[in-house]
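Participant: Got a file for you: structure_2.txt, compact mmCIF, C-alpha atoms and all ligand atoms.
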# COMPACT_ATOMS: atom_id res chain seq x y z
CA MET A 1 -49.08 13.60 45.31
CA ALA A 2 -46.20 11.83 47.01
CA LEU A 3 -43.17 9.61 46.81
CA VAL A 4 -44.69 6.23 45.92
CA THR A 5 -43.53 2.65 45.41
CA THR A 6 -43.04 1.24 41.92
CA THR A 7 -45.80 -1.37 42.27
CA GLU A 8 -48.54 0.48 40.35
CA MET A 9 -46.02 2.00 37.90
CA PHE A 10 -44.73 -1.45 36.95
CA ARG A 11 -48.19 -3.03 36.75
CA LYS A 12 -49.32 -0.36 34.28
CA ALA A 13 -46.02 -0.48 32.35
CA TYR A 14 -46.15 -4.26 31.98
CA GLU A 15 -49.75 -4.22 30.76
CA GLY A 16 -49.19 -1.15 28.57
CA HIS A 17 -45.97 -2.45 26.96
CA TYR A 18 -43.83 0.51 27.92
CA ALA A 19 -41.10 1.10 30.53
CA VAL A 20 -40.50 3.64 33.29
CA GLY A 21 -37.21 5.54 33.21
CA ALA A 22 -35.02 5.27 36.30
CA PHE A 23 -32.80 8.33 36.24
CA ASN A 24 -29.83 8.84 38.56
CA ILE A 25 -29.95 12.05 40.57
CA ASN A 26 -26.93 13.84 41.99
CA ASN A 27 -27.87 17.51 42.35
CA MET A 28 -30.70 20.02 42.08
CA GLU A 29 -30.29 20.78 38.38
CA ILE A 30 -30.49 17.10 37.43
CA ILE A 31 -33.61 16.50 39.55
CA GLN A 32 -35.27 19.60 38.09
CA ALA A 33 -34.42 18.57 34.53
CA ILE A 34 -35.82 15.04 34.93
CA THR A 35 -38.98 15.97 36.78
CA GLU A 36 -39.82 18.99 34.59
CA ALA A 37 -39.47 16.77 31.51
CA CYS A 38 -41.84 14.28 33.18
CA ALA A 39 -44.35 17.01 34.08
CA GLU A 40 -44.49 18.27 30.49
CA ALA A 41 -44.75 14.75 29.03
CA LYS A 42 -47.05 13.50 31.84
CA SER A 43 -44.66 10.63 32.41
CA PRO A 44 -43.94 8.57 35.53
CA ALA A 45 -40.31 8.26 36.64
CA ILE A 46 -38.08 6.69 39.24
CA LEU A 47 -35.48 8.96 40.84
CA GLN A 48 -32.55 6.78 41.81
CA VAL A 49 -29.71 7.47 44.19
CA SER A 50 -26.40 5.62 44.18
CA ALA A 51 -24.05 5.29 47.17
CA GLY A 52 -21.82 7.78 45.33
CA ALA A 53 -24.71 10.26 45.02
CA ARG A 54 -25.41 9.97 48.77
CA LYS A 55 -21.77 10.71 49.46
CA TYR A 56 -21.67 13.63 47.00
CA ALA A 57 -24.95 15.39 47.81
CA LYS A 58 -25.76 14.01 51.31
CA PRO A 59 -28.98 12.05 51.96
CA ALA A 60 -30.84 14.97 53.58
CA TYR A 61 -30.42 17.18 50.50
CA LEU A 62 -31.46 14.48 48.04
CA MET A 63 -34.52 13.61 50.13
CA ALA A 64 -35.58 17.27 50.37
CA LEU A 65 -35.04 17.73 46.62
CA ALA A 66 -37.15 14.65 45.81
CA HIS A 67 -40.00 16.01 47.95
CA ALA A 68 -39.59 19.42 46.31
CA ALA A 69 -39.93 17.79 42.87
CA VAL A 70 -43.24 16.18 43.91
CA GLU A 71 -44.52 19.52 45.20
CA ASP A 72 -43.31 21.48 42.17
CA THR A 73 -44.62 19.13 39.46
CA GLY A 74 -47.72 17.68 41.15
CA LEU A 75 -46.56 14.21 40.08
CA ASP A 76 -45.82 11.02 42.03
CA PHE A 77 -42.24 9.75 41.82
CA ALA A 78 -40.55 6.68 43.26
CA LEU A 79 -37.34 7.32 45.22
CA HIS A 80 -35.04 4.34 44.78
CA LEU A 81 -31.66 3.25 46.12
CA ASP A 82 -29.48 2.18 43.15
CA HIS A 83 -27.06 -0.75 43.69
CA GLY A 84 -27.40 -1.15 47.46
CA ALA A 85 -24.29 -3.16 48.32
CA ASP A 86 -25.35 -4.45 51.74
CA TYR A 87 -28.21 -4.70 54.22
CA GLU A 88 -27.08 -1.62 56.14
CA ILE A 89 -27.36 0.89 53.27
CA CYS A 90 -30.77 -0.55 52.29
CA LYS A 91 -32.01 -0.22 55.88
CA ALA A 92 -30.69 3.35 56.13
CA CYS A 93 -32.56 4.36 52.96
CA ILE A 94 -35.76 2.61 54.05
CA ASP A 95 -35.58 4.38 57.43
CA ASN A 96 -34.89 7.63 55.57
CA GLY A 97 -38.11 7.48 53.50
CA PHE A 98 -37.06 5.83 50.22
CA THR A 99 -39.95 3.96 48.59
CA SER A 100 -37.80 1.37 46.80
CA VAL A 101 -34.35 -0.14 47.24
CA MET A 102 -32.09 -2.32 45.16
CA ILE A 103 -30.01 -4.93 46.93
CA ASP A 104 -27.31 -5.87 44.48
CA GLY A 105 -26.14 -9.32 45.53
CA SER A 106 -24.93 -10.19 42.03
CA LYS A 107 -21.31 -10.42 43.16
CA HIS A 108 -22.18 -13.16 45.67
CA SER A 109 -22.90 -16.85 45.11
CA PHE A 110 -26.50 -17.78 44.23
CA GLU A 111 -27.23 -18.93 47.81
CA ASP A 112 -25.60 -15.89 49.46
CA ASN A 113 -27.41 -13.55 47.05
CA ILE A 114 -30.72 -15.19 48.05
CA ALA A 115 -29.99 -14.95 51.79
CA LEU A 116 -28.97 -11.27 51.61
CA THR A 117 -31.84 -10.31 49.31
CA ARG A 118 -34.38 -12.16 51.50
CA LYS A 119 -33.15 -10.27 54.58
CA VAL A 120 -33.60 -6.90 52.83
CA VAL A 121 -37.04 -7.89 51.51
CA GLU A 122 -38.22 -8.80 55.03
CA TYR A 123 -37.23 -5.40 56.43
CA ALA A 124 -38.43 -3.46 53.37
CA HIS A 125 -41.84 -5.11 53.12
CA ALA A 126 -42.44 -4.61 56.84
CA HIS A 127 -41.97 -0.88 56.12
CA GLY A 128 -44.03 -0.67 52.90
CA VAL A 129 -40.96 -0.46 50.65
CA VAL A 130 -40.36 -2.53 47.50
CA VAL A 131 -37.13 -4.31 46.55
CA GLU A 132 -35.21 -4.90 43.29
CA GLY A 133 -32.79 -7.83 43.22
CA GLU A 134 -30.18 -8.77 40.61
CA LEU A 135 -29.13 -12.03 38.98
CA GLY A 136 -26.24 -12.10 36.52
CA LYS A 137 -23.33 -9.68 36.45
CA LEU A 138 -23.04 -6.59 34.24
CA ALA A 139 -19.71 -5.32 32.95
CA GLY A 140 -18.62 -1.71 33.40
CA ILE A 141 -18.18 0.77 36.24
CA GLU A 142 -20.53 1.21 39.20
CA ASP A 143 -19.39 3.28 42.14
CA ASP A 144 -15.69 2.46 42.38
CA VAL A 145 -16.05 -1.14 41.23
CA LYS A 146 -14.99 -1.99 37.68
CA VAL A 147 -16.24 -5.32 36.34
CA LYS A 148 -14.19 -6.46 33.32
CA ALA A 149 -16.15 -7.78 30.34
CA GLU A 150 -14.64 -11.25 30.86
CA ASP A 151 -15.88 -11.31 34.48
CA SER A 152 -19.44 -10.36 33.56
CA SER A 153 -22.03 -13.10 33.13
CA TYR A 154 -25.47 -13.35 31.58
CA THR A 155 -28.45 -14.19 33.77
CA ARG A 156 -29.29 -17.91 33.75
CA PRO A 157 -33.04 -18.12 33.07
CA GLU A 158 -33.27 -21.46 34.86
CA GLU A 159 -32.43 -19.66 38.15
CA VAL A 160 -34.96 -16.82 38.08
CA GLU A 161 -38.07 -18.58 39.42
CA GLU A 162 -36.22 -19.98 42.43
CA PHE A 163 -34.59 -16.60 43.11
CA VAL A 164 -37.85 -14.66 42.96
CA THR A 165 -39.82 -17.22 45.00
CA ARG A 166 -37.23 -17.63 47.73
CA THR A 167 -36.40 -13.92 48.09
CA GLY A 168 -39.83 -12.33 47.58
CA VAL A 169 -38.34 -9.50 45.47
CA ASP A 170 -40.71 -7.16 43.63
CA SER A 171 -38.58 -6.74 40.48
CA LEU A 172 -35.48 -8.34 39.02
CA ALA A 173 -32.48 -6.83 37.22
CA ILE A 174 -31.02 -9.17 34.64
CA ALA A 175 -27.82 -9.19 32.57
CA ILE A 176 -28.45 -9.56 28.82
CA GLY A 177 -25.49 -7.62 27.42
CA THR A 178 -25.96 -4.07 28.70
CA SER A 179 -23.16 -2.60 30.82
CA HIS A 180 -22.48 0.44 32.98
CA GLY A 181 -20.72 3.60 31.84
CA ALA A 182 -20.01 5.30 28.52
CA TYR A 183 -17.87 2.55 26.97
CA LYS A 184 -20.15 -0.42 26.51
CA PHE A 185 -18.85 -1.78 23.24
CA LYS A 186 -15.46 -1.47 21.59
CA PRO A 187 -15.15 0.52 18.34
CA GLY A 188 -16.14 -1.78 15.47
CA GLN A 189 -18.05 -4.11 17.80
CA LYS A 190 -21.73 -4.56 16.95
CA PRO A 191 -24.00 -3.90 19.95
CA GLN A 192 -26.03 -6.97 20.76
CA LEU A 193 -28.52 -7.84 23.49
CA ARG A 194 -29.56 -11.40 24.40
CA PHE A 195 -33.29 -11.08 23.70
CA ASP A 196 -33.47 -14.88 23.86
CA ILE A 197 -32.63 -14.68 27.59
CA LEU A 198 -35.18 -11.91 28.16
CA LYS A 199 -37.88 -13.96 26.38
CA GLU A 200 -37.06 -17.06 28.45
CA VAL A 201 -37.16 -15.04 31.70
CA GLU A 202 -40.49 -13.54 30.65
CA LYS A 203 -41.87 -17.02 29.97
CA ARG A 204 -40.76 -18.29 33.38
CA LEU A 205 -41.98 -15.21 35.28
CA PRO A 206 -45.19 -14.11 33.55
CA GLY A 207 -46.28 -10.61 34.58
CA PHE A 208 -43.13 -10.01 36.64
CA PRO A 209 -41.27 -6.66 36.15
CA ILE A 210 -37.75 -6.92 34.75
CA VAL A 211 -35.10 -4.19 35.06
CA LEU A 212 -32.34 -3.21 32.63
CA HIS A 213 -29.26 -1.55 34.08
CA GLY A 214 -26.52 0.01 31.96
CA ALA A 215 -29.10 1.17 29.43
CA SER A 216 -27.72 4.51 28.27
CA SER A 217 -27.37 4.89 24.54
CA VAL A 218 -24.30 7.11 24.90
CA ILE A 219 -25.98 9.52 22.48
CA PRO A 220 -23.38 10.14 19.72
CA GLU A 221 -24.38 13.80 19.17
CA LEU A 222 -23.60 14.56 22.82
CA VAL A 223 -20.21 12.83 22.68
CA ASP A 224 -19.42 14.72 19.44
CA GLU A 225 -20.41 18.02 21.00
CA ILE A 226 -18.24 17.38 24.07
CA ASN A 227 -15.27 16.51 21.86
CA ALA A 228 -15.89 19.47 19.54
CA ARG A 229 -15.58 21.74 22.57
CA GLY A 230 -12.32 20.56 24.01
CA GLY A 231 -13.41 17.19 25.45
CA LYS A 232 -11.30 14.08 24.92
CA MET A 233 -13.74 11.19 25.20
CA PRO A 234 -12.58 8.07 23.34
CA ASP A 235 -15.03 6.44 20.93
CA ALA A 236 -18.03 5.59 23.05
CA ILE A 237 -20.75 3.15 21.96
CA GLY A 238 -23.96 2.55 23.91
CA ILE A 239 -27.15 0.51 23.60
CA PRO A 240 -29.07 1.34 20.40
CA GLU A 241 -32.37 2.99 21.28
CA SER A 242 -34.29 0.64 18.99
CA MET A 243 -33.20 -2.30 21.18
CA LEU A 244 -34.30 -0.53 24.36
CA ARG A 245 -37.62 0.33 22.74
CA GLU A 246 -38.13 -3.33 21.92
CA ALA A 247 -37.22 -4.41 25.48
CA ALA A 248 -39.71 -1.84 26.84
CA THR A 249 -42.54 -3.51 24.94
CA MET A 250 -41.57 -6.82 26.58
CA ALA A 251 -41.22 -7.60 30.32
CA VAL A 252 -38.73 -4.76 30.92
CA CYS A 253 -40.57 -2.20 33.09
CA LYS A 254 -37.57 -0.17 34.37
CA ILE A 255 -34.73 1.20 32.24
CA ASN A 256 -31.76 2.76 34.08
CA ILE A 257 -30.14 5.86 32.63
CA ASP A 258 -27.21 7.70 34.17
CA SER A 259 -24.40 8.06 31.61
CA ASP A 260 -26.64 9.90 29.12
CA ILE A 261 -27.50 12.41 31.87
CA ARG A 262 -23.80 12.98 32.50
CA LEU A 263 -23.15 13.50 28.79
CA ALA A 264 -26.04 15.94 28.37
CA MET A 265 -24.99 18.01 31.38
CA THR A 266 -21.35 18.07 30.29
CA ALA A 267 -22.21 19.00 26.68
CA GLY A 268 -24.31 21.95 27.89
CA VAL A 269 -21.76 23.22 30.38
CA ARG A 270 -18.89 22.90 27.89
CA ARG A 271 -20.86 24.83 25.27
CA VAL A 272 -21.28 27.84 27.56
CA LEU A 273 -17.74 27.75 28.88
CA THR A 274 -16.21 27.58 25.39
CA GLU A 275 -18.60 30.01 23.67
CA THR A 276 -18.54 32.51 26.53
CA PRO A 277 -15.08 32.21 28.09
CA ALA A 278 -15.82 35.20 30.32
CA ALA A 279 -18.74 33.35 31.97
CA PHE A 280 -18.22 32.82 35.68
CA ASP A 281 -21.73 32.78 37.13
CA PRO A 282 -22.47 29.08 37.78
CA ARG A 283 -26.14 29.71 36.97
CA GLU A 284 -25.19 30.65 33.43
CA TYR A 285 -23.67 27.26 32.60
CA LEU A 286 -25.67 25.03 34.96
CA LYS A 287 -28.88 26.39 33.42
CA VAL A 288 -27.77 25.22 29.97
CA GLY A 289 -26.62 21.85 31.38
CA ARG A 290 -30.07 21.48 32.95
CA GLU A 291 -31.79 22.32 29.64
CA GLU A 292 -29.72 19.66 27.85
CA VAL A 293 -30.63 17.01 30.45
CA LYS A 294 -34.31 17.95 30.16
CA LYS A 295 -34.19 17.66 26.35
CA MET A 296 -32.49 14.25 26.60
CA VAL A 297 -35.01 12.92 29.18
CA THR A 298 -37.92 14.17 27.03
CA HIS A 299 -36.43 12.31 24.06
CA LYS A 300 -36.13 9.10 26.12
CA ILE A 301 -39.73 9.36 27.36
CA TYR A 302 -41.18 9.69 23.84
CA GLU A 303 -38.75 7.68 21.72
CA VAL A 304 -37.42 4.94 24.01
CA LEU A 305 -39.62 4.36 27.06
CA GLY A 306 -43.05 5.14 25.59
CA SER A 307 -44.09 6.46 29.03
CA ASN A 308 -45.54 9.79 27.82
CA GLY A 309 -49.11 10.36 29.01
CA LYS A 310 -48.88 7.49 31.54
CA ALA A 311 -48.41 9.51 34.78
O1 LIG B 401 -24.69 2.07 38.05
C1 LIG B 401 -24.06 3.04 38.43
C2 LIG B 401 -24.65 4.39 38.29
O2 LIG B 401 -24.34 4.94 37.05
C3 LIG B 401 -24.22 5.26 39.43
O3 LIG B 401 -22.92 5.71 39.28
O4 LIG B 401 -21.95 5.19 41.49
O5 LIG B 401 -20.86 6.86 39.97
O6 LIG B 401 -23.02 7.40 41.12
P1 LIG B 401 -22.12 6.32 40.55
P1 LIG B 402 -25.67 3.70 32.34
O1 LIG B 402 -24.24 3.84 32.77
O2 LIG B 402 -25.79 2.94 31.06
O3 LIG B 402 -26.40 5.01 32.29
O4 LIG B 402 -26.42 2.79 33.46
C1 LIG B 402 -26.88 3.37 34.65
C2 LIG B 402 -27.33 2.35 35.64
O5 LIG B 402 -27.52 1.18 35.36
C3 LIG B 402 -27.56 2.82 37.01
O6 LIG B 402 -27.85 1.76 37.87
ZN ZN B 403 -26.90 -0.07 37.40
Translate this structure into C-alpha cells?

Facilitator:
Amino acid sequence: MALVTTTEMFRKAYEGHYAVGAFNINNMEIIQAITEACAEAKSPAILQVSAGARKYAKPAYLMALAHAAVEDTGLDFALHLDHGADYEICKACIDNGFTSVMIDGSKHSFEDNIALTRKVVEYAHAHGVVVEGELGKLAGIEDDVKVKAEDSSYTRPEEVEEFVTRTGVDSLAIAIGTSHGAYKFKPGQKPQLRFDILKEVEKRLPGFPIVLHGASSVIPELVDEINARGGKMPDAIGIPESMLREAATMAVCKINIDSDIRLAMTAGVRRVLTETPAAFDPREYLKVGREEVKKMVTHKIYEVLGSNGKA
C-alpha cells in the first residue's frame, strides 16, 4: 500500500458513477478521522493540502502523517496539493513526494492559464505525478483570497477541449455554481448548480474526470450545534447533498470538502468545552472533534460520494 496517483481512482469512479472525496488535511486528528472512516467503509480518498495547511502544519509533518495513514489503514491514498498558485509550489510538492498537484490558473487569462498549466504538467508528468487544472472562477474564500460573487464566472464549455488538449492535464475543475467556505448562498436564496454546463463539458470531454471545488453542504445540524454552544455563525447555506450525489453519478470524479470538516471538528470541540468546562486536557476535546469528523466523512462516503466498498 502506498501514496498513489488519482489515475486509477478516477477511471473506476467514472465507470462506476461515483466520486472520490478530496478532504483537506491540517493536523493529525483530521487525517486520522478521514482515513479511519475510509478504512471502515473501504473507500478511496484524496488527502489534500492547501498552501495554508503547509504553513500551519509544515510539509514534513503532513507528509509523515500521510504515510502513517497508509501504514495504519492498509489503504492507498492520493496526496494532492490543493490550489497551487504558481509553478514553484507545485514543483516543491512534486519534489516532496506528492502524487497529485492542482495548478490553479483560473485567475489568469485563458492563454496565461494554459501556459502555466502546461509548464506544471511537463514537470509533473516527468516525475510520475498527475495534475488538476481549473477553468472558470469560483466565488468564496481560498487561502487569503476572497472572490466576490460578482467576480466569479462559470466555466465556458466551448473552452474545455482546447484547454485539456493544450495543457495535457489529467483532470479539470469547473465552476458551475459551487463556492468556497461556509457562506455559499444568501439566506432565502435557492441553491442552484448549472448541470447544463456539466452535461456540455461531459459531452465535449467523454471519459474525462471533472472536479467540483467548494462542495461542502455546510451541514445544518453542525451549524446549529455550534450556535447552540456559544458559537455565532451567521446563517450558512451550502450545496444540497442531493445535487452532489447527482454530480457524482455524472463526470464528476472528485468532490472537495473542507468547510464541513471544520464544522464537524468545531461542533465536537465546543460540545466538550461547554459541557465540561473544567476540561483542559487537549486529548479530551480533540478526541471528540475527531469522532465528529469521522462521522461526517462516513456520511459523505455512503450518502454523497457512493465510494463505499470501492477501495
Ligand atoms: O479551497 C480552499 C480550502 O478550503 C483550503 O482552505 O486555504 O484556508 O487552508 P485554506
Ligand atoms: P468547501 O469550502 O466547500 O469545503 O470547499 C473546499 C475546497 O474546494 C477545497 O479546495
Ligand atoms: Zn477549492

Participant: Give me the chain A side of the contact with ligand LIG 401 (chain B), cut-off 12 Å, one line per residue showing its nearest atom pair and distance in Å at one decimal, counting only C-alpha atoms and all ligand atoms, sorted by chain and residue number, as a tab-separated table.

Facilitator:
residue	atom	partner	partner_atom	distance
A:Ala22	CA	B:LIG401	C2	10.6
A:Phe23	CA	B:LIG401	O2	9.1
A:Asn24	CA	B:LIG401	C3	6.7
A:Ile25	CA	B:LIG401	O6	8.4
A:Asn26	CA	B:LIG401	O6	7.6
A:Asn27	CA	B:LIG401	O6	11.3
A:Leu47	CA	B:LIG401	C3	11.9
A:Gln48	CA	B:LIG401	C3	8.8
A:Val49	CA	B:LIG401	O6	7.4
A:Ser50	CA	B:LIG401	O6	4.9
A:Ala51	CA	B:LIG401	O4	6.1
A:Gly52	CA	B:LIG401	O6	4.4
A:Ala53	CA	B:LIG401	O6	5.1
A:Arg54	CA	B:LIG401	O6	8.4
A:Lys55	CA	B:LIG401	O6	9.1
A:Tyr56	CA	B:LIG401	O6	8.7
A:Ala57	CA	B:LIG401	O6	10.6
A:Leu81	CA	B:LIG401	C3	10.2
A:Asp82	CA	B:LIG401	O1	7.0
A:His83	CA	B:LIG401	O1	6.7
A:Gly84	CA	B:LIG401	O4	10.3
A:Ala85	CA	B:LIG401	O4	11.0
A:Met102	CA	B:LIG401	O1	11.2
A:Asp104	CA	B:LIG401	O1	10.5
A:Lys137	CA	B:LIG401	O1	11.9
A:Leu138	CA	B:LIG401	O1	9.6
A:Ala139	CA	B:LIG401	O1	10.3
A:Gly140	CA	B:LIG401	O1	8.5
A:Ile141	CA	B:LIG401	C1	6.7
A:Glu142	CA	B:LIG401	C1	4.1
A:Asp143	CA	B:LIG401	O4	3.3
A:Asp144	CA	B:LIG401	O4	6.9
A:Val145	CA	B:LIG401	O4	8.7
A:Lys146	CA	B:LIG401	C1	10.4
A:Val147	CA	B:LIG401	O1	11.4
A:Ala173	CA	B:LIG401	O1	11.9
A:Thr178	CA	B:LIG401	O1	11.3
A:Ser179	CA	B:LIG401	O1	8.7
A:His180	CA	B:LIG401	O1	5.8
A:Gly181	CA	B:LIG401	O2	6.5
A:Ala182	CA	B:LIG401	O2	9.6
A:Leu212	CA	B:LIG401	O1	10.8
A:His213	CA	B:LIG401	O1	7.1
A:Gly214	CA	B:LIG401	O1	6.7
A:Ala215	CA	B:LIG401	O1	9.7
A:Ser216	CA	B:LIG401	O2	9.4
A:Ile255	CA	B:LIG401	O1	11.6
A:Asn256	CA	B:LIG401	O1	8.1
A:Ile257	CA	B:LIG401	O2	7.4
A:Asp258	CA	B:LIG401	O2	4.9
A:Ser259	CA	B:LIG401	O2	6.3
A:Asp260	CA	B:LIG401	O2	9.6
A:Ile261	CA	B:LIG401	O2	9.6
A:Arg262	CA	B:LIG401	O2	9.3
A:Leu263	CA	B:LIG401	O2	12.0

Participant: Skip Val169 of chain A itself and residues of its chain fewer than 3 positions away, then list as JSON, numbers by chain all residues within 7 Å of it, counting only C-alpha atoms.

Facilitator: {"A": [121, 131, 132, 133, 164]}

Participant: Restricting the calculation to all atoms listed in the file, which member of A:Cys93, A:Ile239, A:Ile30, A:Leu193 is positioned closest to Ala264 of chain A?

Facilitator: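 Looking at the shortest contact to Ala264 of chain A, the residue is A:Ile30.
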
Participant: Taking into account all atoms listed in the file, which residue in the set A:Ser171, A:Thr276, A:Thr155, A:Asn308 is nearest to Cys253 of chain A?

Facilitator: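 Among A:Ser171, A:Thr276, A:Thr155, A:Asn308, it is A:Ser171 that comes nearest to Cys253 of chain A.
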
Participant: Looking at A:Ala39, A:Gly128, A:Thr73, A:Ile174, which one is nearest to ligand ZN 403 (chain B), with distances taken over only C-alpha atoms and all ligand atoms?

Facilitator: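 Ranking A:Ala39, A:Gly128, A:Thr73, A:Ile174 by distance to ligand ZN 403 (chain B), first place goes to A:Ile174.
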
Participant: Would you mind telling me which residue in A:Leu79, A:Ala175, A:Met296, A:Ala124 lies nearest to Leu3 of chain A when using only C-alpha atoms?

Facilitator: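 Using only C-alpha atoms, Leu3 of chain A sits closest to A:Leu79.
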
Participant: Missing atoms in segment 236-256 of chain A need filling: write out N, CA and C atoms for it as a compact mmCIF listing (two decimals), keeping the file's coordinate frame.

Facilitator:
# COMPACT_ATOMS: atom_id res chain seq x y z
N ALA A 236 -17.13 6.18 22.06
CA ALA A 236 -18.03 5.59 23.05
C ALA A 236 -19.25 5.03 22.33
N ILE A 237 -19.60 3.78 22.63
CA ILE A 237 -20.75 3.15 21.96
C ILE A 237 -21.70 2.61 23.03
N GLY A 238 -22.98 2.98 22.91
CA GLY A 238 -23.96 2.55 23.91
C GLY A 238 -24.97 1.58 23.33
N ILE A 239 -26.10 1.44 24.03
CA ILE A 239 -27.15 0.51 23.60
C ILE A 239 -28.05 1.22 22.58
N PRO A 240 -28.20 0.68 21.38
CA PRO A 240 -29.07 1.34 20.40
C PRO A 240 -30.49 1.52 20.97
N GLU A 241 -31.05 2.69 20.70
CA GLU A 241 -32.37 2.99 21.28
C GLU A 241 -33.45 2.05 20.76
N SER A 242 -33.27 1.56 19.54
CA SER A 242 -34.29 0.64 18.99
C SER A 242 -34.36 -0.64 19.84
N MET A 243 -33.21 -1.09 20.35
CA MET A 243 -33.20 -2.30 21.18
C MET A 243 -33.89 -2.05 22.53
N LEU A 244 -33.66 -0.86 23.07
CA LEU A 244 -34.30 -0.53 24.36
C LEU A 244 -35.81 -0.41 24.17
N ARG A 245 -36.19 0.17 23.04
CA ARG A 245 -37.62 0.33 22.74
C ARG A 245 -38.28 -1.05 22.68
N GLU A 246 -37.59 -1.98 22.04
CA GLU A 246 -38.13 -3.33 21.92
C GLU A 246 -38.25 -3.98 23.31
N ALA A 247 -37.19 -3.83 24.13
CA ALA A 247 -37.22 -4.41 25.48
C ALA A 247 -38.36 -3.82 26.29
N ALA A 248 -38.63 -2.52 26.08
CA ALA A 248 -39.71 -1.84 26.84
C ALA A 248 -41.08 -2.41 26.50
N THR A 249 -41.23 -2.93 25.30
CA THR A 249 -42.54 -3.51 24.94
C THR A 249 -42.67 -4.92 25.51
N MET A 250 -41.55 -5.47 26.00
CA MET A 250 -41.57 -6.82 26.58
C MET A 250 -41.70 -6.72 28.10
N ALA A 251 -41.04 -7.60 28.85
CA ALA A 251 -41.22 -7.60 30.32
C ALA A 251 -40.40 -6.52 31.03
N VAL A 252 -39.56 -5.79 30.29
CA VAL A 252 -38.73 -4.76 30.92
C VAL A 252 -39.61 -3.56 31.29
N CYS A 253 -39.71 -3.28 32.59
CA CYS A 253 -40.57 -2.20 33.09
C CYS A 253 -39.74 -1.04 33.62
N LYS A 254 -38.43 -1.23 33.82
CA LYS A 254 -37.57 -0.17 34.37
C LYS A 254 -36.28 -0.14 33.57
N ILE A 255 -35.95 1.03 33.04
CA ILE A 255 -34.73 1.20 32.24
C ILE A 255 -33.87 2.26 32.91
N ASN A 256 -32.64 1.87 33.30
CA ASN A 256 -31.76 2.76 34.08
C ASN A 256 -30.89 3.63 33.18
